[in-house]
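Colleague: Provided below: run05.txt, containing compact mmCIF, C-alpha atoms and all ligand atoms.
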```txt
# COMPACT_ATOMS: atom_id res chain seq x y z
CA MET A 7 -14.15 17.53 -15.84
CA PRO A 8 -11.07 18.29 -13.71
CA THR A 9 -7.68 17.26 -15.06
CA ALA A 10 -6.12 14.03 -13.83
CA ALA A 11 -3.35 15.98 -12.13
CA GLY A 12 -6.01 17.99 -10.32
CA PHE A 13 -7.27 14.78 -8.74
CA VAL A 14 -3.96 13.75 -7.21
CA ALA A 15 -4.61 15.93 -4.20
CA ARG A 16 -7.72 17.75 -5.22
CA ASP A 17 -8.61 20.45 -2.74
CA HIS A 18 -12.24 21.52 -2.76
CA ALA A 19 -12.07 22.92 0.74
CA LYS A 20 -11.49 26.55 -0.31
CA THR A 21 -9.50 27.12 2.87
CA LYS A 22 -6.38 29.27 2.93
CA GLY A 23 -3.76 26.78 4.10
CA THR A 24 -3.45 23.41 2.41
CA TYR A 25 -4.54 21.49 5.48
CA SER A 26 -6.28 24.26 7.40
CA GLN A 27 -9.46 23.63 9.38
CA PRO A 28 -12.81 24.14 7.64
CA ARG A 29 -14.28 27.44 8.84
CA SER A 30 -17.70 26.22 9.94
CA ALA A 31 -18.20 23.69 12.73
CA SER A 32 -18.75 20.49 10.77
CA THR A 33 -20.55 17.44 11.97
CA VAL A 34 -18.41 14.44 12.85
CA ALA A 35 -19.86 12.58 9.84
CA ALA A 36 -18.94 15.36 7.40
CA ARG A 37 -15.38 15.45 8.71
CA MET A 38 -14.88 11.73 8.69
CA ILE A 39 -12.25 10.36 6.33
CA VAL A 40 -13.75 8.11 3.66
CA VAL A 41 -11.55 5.24 2.47
CA HIS A 42 -12.40 3.85 -0.96
CA HIS A 43 -11.36 0.30 -0.24
CA LEU A 44 -10.82 -2.52 -2.71
CA ASP A 45 -10.78 -6.09 -1.34
CA ASN A 46 -7.34 -7.73 -1.11
CA SER A 47 -5.48 -4.54 -1.85
CA ARG A 48 -3.08 -1.88 -0.70
CA SER A 49 -5.94 0.10 0.82
CA GLN A 50 -5.81 -2.33 3.76
CA ARG A 51 -2.73 -0.32 4.81
CA VAL A 52 -4.78 2.88 5.03
CA LEU A 53 -7.40 1.21 7.25
CA TRP A 54 -4.57 -0.01 9.47
CA LEU A 55 -2.99 3.47 9.62
CA LEU A 56 -6.32 5.01 10.68
CA GLU A 57 -6.81 2.31 13.32
CA GLU A 58 -3.31 2.96 14.71
CA LEU A 59 -4.15 6.66 14.96
CA GLY A 60 -7.60 6.00 16.41
CA LEU A 61 -9.24 8.24 13.81
CA PRO A 62 -12.89 7.80 12.84
CA TYR A 63 -13.39 6.75 9.23
CA GLU A 64 -15.96 5.36 6.87
CA ILE A 65 -15.25 2.60 4.35
CA ARG A 66 -16.77 2.47 0.84
CA LYS A 67 -16.14 -1.03 -0.42
CA TYR A 68 -15.37 -2.03 -4.00
CA ARG A 69 -15.11 -5.66 -5.17
CA ARG A 70 -12.55 -6.91 -7.69
CA ASP A 71 -13.89 -8.55 -10.83
CA PRO A 72 -13.61 -12.30 -10.06
CA ASP A 73 -12.13 -13.07 -13.51
CA THR A 74 -9.80 -10.16 -14.19
CA LEU A 75 -9.21 -9.18 -10.54
CA LEU A 76 -9.40 -5.55 -11.68
CA ALA A 77 -11.22 -2.86 -9.72
CA PRO A 78 -14.79 -1.99 -10.78
CA ALA A 79 -15.32 0.98 -13.09
CA SER A 80 -17.11 2.81 -10.25
CA LEU A 81 -13.73 3.48 -8.63
CA ARG A 82 -12.90 5.71 -11.61
CA GLU A 83 -15.68 8.00 -10.49
CA VAL A 84 -13.62 8.73 -7.39
CA HIS A 85 -10.27 9.10 -9.17
CA PRO A 86 -9.53 8.84 -12.92
CA LEU A 87 -7.05 5.97 -12.50
CA GLY A 88 -9.58 3.81 -10.66
CA LYS A 89 -6.98 2.35 -8.28
CA SER A 90 -7.20 1.81 -4.56
CA PRO A 91 -6.48 3.33 -2.11
CA VAL A 92 -8.13 6.68 -2.50
CA ILE A 93 -9.40 8.74 0.41
CA THR A 94 -11.67 11.74 0.60
CA ASP A 95 -11.33 14.10 3.52
CA GLU A 96 -12.68 17.59 4.08
CA GLY A 97 -13.43 17.99 0.38
CA ARG A 98 -10.08 16.66 -0.80
CA THR A 99 -9.53 13.55 -2.87
CA ILE A 100 -6.13 11.94 -2.34
CA ALA A 101 -4.69 8.93 -4.17
CA GLU A 102 -1.41 6.97 -3.88
CA SER A 103 -0.66 5.14 -0.62
CA GLY A 104 2.47 7.12 0.26
CA ALA A 105 0.78 10.45 -0.40
CA ILE A 106 -2.24 9.36 1.67
CA ILE A 107 0.00 8.39 4.59
CA GLU A 108 1.83 11.72 4.43
CA TYR A 109 -1.44 13.65 4.19
CA VAL A 110 -3.08 11.82 7.10
CA LEU A 111 -0.04 12.24 9.36
CA GLU A 112 0.35 15.90 8.40
CA ARG A 113 -3.32 16.71 8.88
CA HIS A 114 -4.36 14.40 11.72
CA GLY A 115 -1.23 12.71 13.07
CA ARG A 116 -0.22 15.14 15.83
CA GLY A 117 3.38 13.96 15.54
CA ARG A 118 2.55 10.28 15.81
CA LEU A 119 3.92 7.43 13.64
CA ARG A 120 6.78 9.36 12.07
CA PRO A 121 10.13 10.44 13.51
CA ALA A 122 10.86 14.11 14.18
CA PRO A 123 12.14 16.13 11.19
CA GLY A 124 15.92 16.41 10.96
CA THR A 125 16.63 13.14 12.77
CA PRO A 126 18.43 10.16 11.17
CA GLU A 127 15.26 8.15 11.80
CA ARG A 128 13.22 10.62 9.73
CA LEU A 129 15.54 10.08 6.77
CA ARG A 130 15.15 6.30 7.11
CA TYR A 131 11.40 6.72 7.46
CA THR A 132 11.26 8.72 4.21
CA TYR A 133 13.44 6.17 2.43
CA TRP A 134 11.25 3.17 3.34
CA LEU A 135 8.03 5.07 2.72
CA HIS A 136 9.16 5.55 -0.90
CA PHE A 137 11.02 2.27 -1.28
CA ALA A 138 7.86 0.23 -0.73
CA GLU A 139 6.04 1.40 -3.86
CA GLY A 140 9.00 2.76 -5.85
CA SER A 141 11.38 -0.22 -5.60
CA ALA A 142 9.83 -3.18 -3.79
CA MET A 143 6.54 -3.44 -5.68
CA PRO A 144 7.72 -3.35 -9.33
CA PRO A 145 9.57 -6.71 -9.33
CA LEU A 146 6.72 -8.31 -7.37
CA LEU A 147 4.28 -7.13 -10.00
CA LEU A 148 6.55 -8.38 -12.79
CA LYS A 149 6.72 -11.76 -11.07
CA LEU A 150 2.93 -11.94 -10.89
CA ILE A 151 2.62 -11.06 -14.60
CA PHE A 152 5.33 -13.39 -15.92
CA ASP A 153 4.15 -16.27 -13.71
CA GLU A 154 0.70 -15.92 -15.26
CA ILE A 155 1.54 -15.36 -18.93
CA PRO A 156 2.12 -19.06 -19.86
CA GLY A 157 -1.28 -20.02 -18.41
CA ARG A 158 -3.22 -17.42 -20.40
CA PRO A 159 -5.36 -18.41 -23.42
CA MET A 160 -3.19 -18.54 -26.58
CA PRO A 161 -2.64 -20.78 -29.65
CA PHE A 162 -1.06 -24.09 -28.55
CA PHE A 163 2.10 -23.50 -30.62
CA ALA A 164 2.71 -20.14 -28.87
CA ARG A 165 2.65 -21.59 -25.35
CA PRO A 166 6.18 -23.06 -25.28
CA VAL A 167 7.53 -19.74 -26.59
CA ALA A 168 5.59 -17.77 -23.98
CA ARG A 169 6.78 -20.17 -21.29
CA GLY A 170 10.40 -19.83 -22.45
CA ILE A 171 10.34 -16.04 -22.55
CA SER A 172 8.63 -15.78 -19.17
CA ARG A 173 11.14 -18.17 -17.59
CA LYS A 174 14.05 -16.21 -19.05
CA VAL A 175 12.77 -12.84 -17.78
CA LEU A 176 12.06 -14.31 -14.34
CA ASP A 177 15.43 -16.08 -14.06
CA THR A 178 17.66 -13.35 -15.43
CA PHE A 179 15.95 -10.19 -14.24
CA VAL A 180 13.01 -10.46 -11.88
CA MET A 181 14.15 -13.09 -9.37
CA PRO A 182 17.73 -11.80 -8.97
CA ASN A 183 16.35 -8.32 -8.23
CA LEU A 184 13.78 -9.70 -5.83
CA GLN A 185 16.31 -11.83 -3.97
CA ARG A 186 18.72 -8.88 -3.70
CA GLN A 187 15.97 -6.67 -2.30
CA LEU A 188 14.84 -9.30 0.21
CA ASP A 189 18.46 -9.77 1.37
CA PHE A 190 18.80 -6.01 1.74
CA MET A 191 15.61 -5.68 3.77
CA GLU A 192 16.54 -8.66 5.94
CA ASN A 193 19.90 -7.03 6.64
CA GLU A 194 18.36 -3.62 7.42
CA LEU A 195 16.03 -5.16 10.01
CA GLY A 196 19.15 -6.43 11.75
CA LYS A 197 19.97 -2.79 12.62
CA SER A 198 16.73 -1.94 14.42
CA GLU A 199 13.43 -3.53 15.33
CA TRP A 200 11.46 -1.42 12.82
CA PHE A 201 12.41 -0.06 9.41
CA ALA A 202 13.01 3.54 10.53
CA GLY A 203 14.57 2.75 13.92
CA PRO A 204 13.51 1.53 17.38
CA ALA A 205 9.95 2.92 17.09
CA PHE A 206 7.11 1.62 14.95
CA THR A 207 6.24 4.18 12.23
CA ALA A 208 3.99 4.53 9.20
CA ALA A 209 6.94 3.36 7.08
CA ASP A 210 6.36 -0.09 8.61
CA ILE A 211 2.73 0.13 7.53
CA GLN A 212 3.80 1.05 4.01
CA MET A 213 6.37 -1.78 3.92
CA SER A 214 3.79 -4.35 5.03
CA PHE A 215 2.24 -4.86 1.60
CA PRO A 216 5.37 -5.72 -0.42
CA LEU A 217 6.50 -8.07 2.34
CA GLU A 218 3.10 -9.74 2.61
CA ALA A 219 3.02 -10.08 -1.18
CA ALA A 220 6.57 -11.51 -1.19
CA ALA A 221 5.59 -14.05 1.48
CA GLN A 222 2.57 -15.05 -0.56
CA ARG A 223 4.12 -15.32 -4.01
CA ALA A 224 7.83 -14.53 -4.12
CA GLU A 225 9.67 -16.98 -1.94
CA LEU A 226 9.93 -14.94 1.24
CA ASP A 227 10.12 -17.67 3.88
CA ALA A 228 11.83 -18.79 7.10
CA SER A 229 15.24 -18.42 5.41
CA ARG A 230 14.81 -14.69 6.12
CA PRO A 231 13.84 -14.80 9.81
CA ARG A 232 13.86 -11.05 10.50
CA LEU A 233 11.39 -10.32 7.73
CA MET A 234 9.17 -13.19 8.85
CA ALA A 235 9.34 -11.93 12.45
CA PHE A 236 8.40 -8.46 11.20
CA LEU A 237 5.28 -9.92 9.55
CA GLN A 238 4.38 -11.76 12.75
CA ARG A 239 4.83 -8.58 14.81
CA ILE A 240 2.63 -6.45 12.57
CA HIS A 241 -0.05 -9.12 12.27
CA ALA A 242 -0.28 -9.31 16.06
CA ARG A 243 -0.92 -5.57 16.48
CA PRO A 244 -4.47 -4.88 17.74
CA ALA A 245 -4.91 -2.05 15.21
CA TYR A 246 -3.92 -4.39 12.36
CA ARG A 247 -6.51 -6.94 13.54
CA ARG A 248 -9.22 -4.27 13.84
CA ALA A 249 -8.45 -3.03 10.31
CA LEU A 250 -8.80 -6.61 9.03
CA GLU A 251 -12.18 -7.00 10.71
CA ARG A 252 -13.47 -3.79 9.17
CA GLY A 253 -11.89 -4.21 5.72
CA GLY A 254 -13.12 -7.69 4.81
CA PRO A 255 -11.29 -10.14 2.53
CA TYR A 256 -7.49 -9.78 2.65
CA THR A 257 -5.58 -12.94 1.82
CA PHE A 258 -2.13 -11.49 2.52
CA ALA A 259 -2.43 -11.56 6.30
CA ASN A 260 -0.72 -14.93 6.86
CA ASP A 261 2.76 -15.34 8.28
N1 LIG B 301 1.19 2.90 -6.19
C1 LIG B 301 -0.24 2.88 -6.01
C2 LIG B 301 -0.76 1.56 -6.55
C3 LIG B 301 -2.27 1.47 -6.56
C4 LIG B 301 -2.74 0.14 -7.11
O1 LIG B 301 -2.21 -0.39 -8.11
N2 LIG B 301 -3.75 -0.47 -6.46
C5 LIG B 301 -4.25 -1.76 -6.86
C6 LIG B 301 -4.68 -2.53 -5.64
S1 LIG B 301 -3.41 -3.24 -4.71
C7 LIG B 301 -5.52 -1.62 -7.69
O2 LIG B 301 -6.29 -0.71 -7.48
N3 LIG B 301 -5.74 -2.58 -8.59
C8 LIG B 301 -6.96 -2.72 -9.34
C9 LIG B 301 -6.84 -2.35 -10.78
O3 LIG B 301 -5.74 -2.07 -11.25
O4 LIG B 301 -7.88 -2.37 -11.45
C10 LIG B 301 -0.53 3.06 -4.52
O5 LIG B 301 0.31 2.68 -3.70
O6 LIG B 301 -1.59 3.60 -4.15
```
Could you quickly redo this structure as structure tokens?

Modeller:
Amino acid sequence: MPTAAGFVARDHAKTKGTYSQPRSASTVAARMIVVHHLDNSRSQRVLWLLEELGLPYEIRKYRRDPDTLLAPASLREVHPLGKSPVITDEGRTIAESGAIIEYVLERHGRGRLRPAPGTPERLRYTYWLHFAEGSAMPPLLLKLIFDEIPGRPMPFFARPVARGISRKVLDTFVMPNLQRQLDFMENELGKSEWFAGPAFTAADIQMSFPLEAAAQRAELDASRPRLMAFLQRIHARPAYRRALERGGPYTFAND
């Protein structure tokens, strides 16, 4: 059994360079990227990225448990953490949205969807690519958890306590952080049309999920018009629509 670390970007290709071409002429099917896709999840971003790049890909679909909303155990056969997205490509298994985006652009992007190295736009691109999962998602996840705690099964006398603690955490920590981040993002989109500059990049794809989640459950609304306009712009992109058609259920695509 390989180690968990070995799965992060597991390379079975036995080629010299990290992303070098397989030696033999492979069939199109063998070279096709496989996206292990969970319904209503971050892997929708990977489908969208591949549609923007016009790359062929195959989807293996996994359904969330209707009660727990967790991924099925079968996803752990692809990667030990059992989270989505995961892709397999040319014998490699790659997890973590940001790492997948970087890998796909490096290996198949031909310079598209990210600014040239050394430019100010590239620095902004890198910042937003990491900000999405590193900073924007944690308070959104905390909000989801603390919103749900008081409704969970528990002894009746514990419920007011659970409600009080949840309210306190939300009011004093989670919501102030969320509001500050939304203000910051709203302000940044006043500087350029897209997060990294005047051109649409994969950083916008990566930023889509926290903003869609914020619009669905964290009070992102018309009071932040640039963020709402961003959501409208991405939702109107033909590649976004194609990815939705192929991916199946995704309840975050409203604006
Ligand atoms: N930071 C990771 C997060 C992966 C993640 O948490 N994915 C969620 C879907 S949005 C998942 O697989 N949830 C199902 C579960 O935890 O069982 C990434 O961006 O790839």

Colleague: With all atoms listed in the file counted, collect every polymer residue having an atom within 6 Å of ligand LIG 301 (chain B); state the result as a ChimeraX atom specification.

Modeller: /A:47-48,76-77,89-91,102-103,139

Colleague: Extract, using all atoms listed in the file, all DNA, RNA and protein residues at most 12 Å from Leu129 of chain A, discarding same-chain residues fewer than 5 positions from it, and format them as a list in words.

Modeller: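 Residues near the query, excluding close chain neighbours: Arg120, Pro121, Ala122, Pro123, Gly124, Trp134, Leu135, His136, Phe201, Ala202, Gly203 and Ala209 of chain A.
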
Colleague: Identify, on the basis of all atoms listed in the file, every residue whose closest approach to Asp45 of chain A does not exceed 12 Å; exclude the query and any residue fewer than 2 positions from it along the same chain; express the result as a count of residues only.

Modeller: 32

Colleague: So which one's closest to Glu58 of chain A, A:Ala249, A:Ala259, A:Ala242, A:Met213? Using only C-alpha atoms, please.

Modeller: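 Among the listed residues, the smallest separation from Glu58 of chain A belongs to A:Ala249.
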
Colleague: With distances taken over all atoms listed in the file, which residue among A:Phe152, A:Phe179, A:Phe236, A:Phe215 lies nearest Glu199 of chain A?

Modeller: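 Of the candidates, the smallest distance to Glu199 of chain A is held by A:Phe236.
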
Colleague: If we count only C-alpha atoms and set the cut-off at 12 Å, which residues sit around Pro182 of chain A, ignoring sequence neighbours fewer than 4 positions away in its own chain? Please answer as a PyMOL selection string.

Modeller: chain A and resi 145-146+149+174-178+186-189+224-225

Colleague: What is the atom CA of Glu194 of chain A-atom CA of Glu127 of chain A distance in Å, reported with one decimal?

Modeller: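 A separation of 12.9 Å between them.
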
Colleague: Starting from the point (-3.1, -1.5, 14.2), work out which residues of protein, DNA or RNA have an atom no more than 6 Å away when counting only C-alpha atoms; state them as a list in words.

Modeller: Trp54, Glu57, Glu58, Arg243, Pro244, Ala245 and Tyr246 of chain A

Colleague: Could you work out how far atom CA of Asp73 of chain A lies from atom CA of Leu44 of chain A, giving the answer in Å with one decimal?

Modeller: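 Going from atom CA of Leu44 of chain A over to atom CA of Asp73 of chain A, I get 15.2 Å.
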
Colleague: Nearest to Pro204 of chain A: which of A:Leu119, A:Ala235, A:Leu147, A:Val167 is it, counting only C-alpha atoms?

Modeller: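 Once distances to Pro204 of chain A are computed over only C-alpha atoms, the minimum belongs to A:Leu119.
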
Colleague: Have a look at atom CA of Ser214 of chain A and atom CA of Leu81 of chain A and let me know their distance in Å, one decimal.

Modeller: 23.6 Å

Colleague: Starting from the incomplete input, reconstruct N, CA and C atoms of segment 132-155 of chain A and report them as a compact mmCIF listing (two decimals), in the coordinates of the input.

Modeller:
```
# COMPACT_ATOMS: atom_id res chain seq x y z
N THR A 132 11.59 8.24 5.56
CA THR A 132 11.26 8.72 4.21
C THR A 132 11.72 7.71 3.17
N TYR A 133 12.91 7.15 3.38
CA TYR A 133 13.44 6.17 2.43
C TYR A 133 12.49 4.98 2.30
N TRP A 134 12.08 4.39 3.41
CA TRP A 134 11.25 3.17 3.34
C TRP A 134 9.84 3.48 2.85
N LEU A 135 9.36 4.67 3.20
CA LEU A 135 8.03 5.07 2.72
C LEU A 135 8.01 5.05 1.19
N HIS A 136 9.09 5.52 0.57
CA HIS A 136 9.16 5.55 -0.90
C HIS A 136 9.61 4.22 -1.49
N PHE A 137 10.49 3.53 -0.78
CA PHE A 137 11.02 2.27 -1.28
C PHE A 137 9.89 1.25 -1.54
N ALA A 138 8.92 1.25 -0.65
CA ALA A 138 7.86 0.23 -0.73
C ALA A 138 7.18 0.21 -2.10
N GLU A 139 6.73 1.36 -2.57
CA GLU A 139 6.04 1.40 -3.86
C GLU A 139 7.02 1.63 -5.02
N GLY A 140 8.08 2.39 -4.76
CA GLY A 140 9.00 2.76 -5.85
C GLY A 140 9.95 1.64 -6.25
N SER A 141 10.40 0.82 -5.29
CA SER A 141 11.38 -0.22 -5.60
C SER A 141 10.89 -1.64 -5.31
N ALA A 142 10.21 -1.81 -4.18
CA ALA A 142 9.83 -3.18 -3.79
C ALA A 142 8.69 -3.74 -4.63
N MET A 143 7.71 -2.91 -4.97
CA MET A 143 6.54 -3.44 -5.68
C MET A 143 6.78 -3.79 -7.14
N PRO A 144 7.59 -3.01 -7.90
CA PRO A 144 7.72 -3.35 -9.33
C PRO A 144 8.18 -4.79 -9.61
N PRO A 145 9.23 -5.32 -9.01
CA PRO A 145 9.57 -6.71 -9.33
C PRO A 145 8.51 -7.72 -8.87
N LEU A 146 7.79 -7.39 -7.81
CA LEU A 146 6.72 -8.31 -7.37
C LEU A 146 5.59 -8.35 -8.40
N LEU A 147 5.31 -7.20 -8.97
CA LEU A 147 4.28 -7.13 -10.00
C LEU A 147 4.74 -7.86 -11.26
N LEU A 148 6.02 -7.67 -11.61
CA LEU A 148 6.55 -8.38 -12.79
C LEU A 148 6.48 -9.89 -12.57
N LYS A 149 6.77 -10.32 -11.35
CA LYS A 149 6.72 -11.76 -11.07
C LYS A 149 5.29 -12.28 -11.26
N LEU A 150 4.34 -11.53 -10.74
CA LEU A 150 2.93 -11.94 -10.89
C LEU A 150 2.58 -12.06 -12.38
N ILE A 151 2.98 -11.08 -13.17
CA ILE A 151 2.62 -11.06 -14.60
C ILE A 151 3.30 -12.22 -15.34
N PHE A 152 4.62 -12.37 -15.15
CA PHE A 152 5.33 -13.39 -15.92
C PHE A 152 5.03 -14.81 -15.43
N ASP A 153 4.61 -14.95 -14.17
CA ASP A 153 4.15 -16.27 -13.71
C ASP A 153 2.86 -16.65 -14.42
N GLU A 154 2.04 -15.64 -14.72
CA GLU A 154 0.70 -15.92 -15.26
C GLU A 154 0.67 -16.05 -16.77
N ILE A 155 1.60 -15.39 -17.45
CA ILE A 155 1.54 -15.36 -18.93
C ILE A 155 1.41 -16.76 -19.55
```
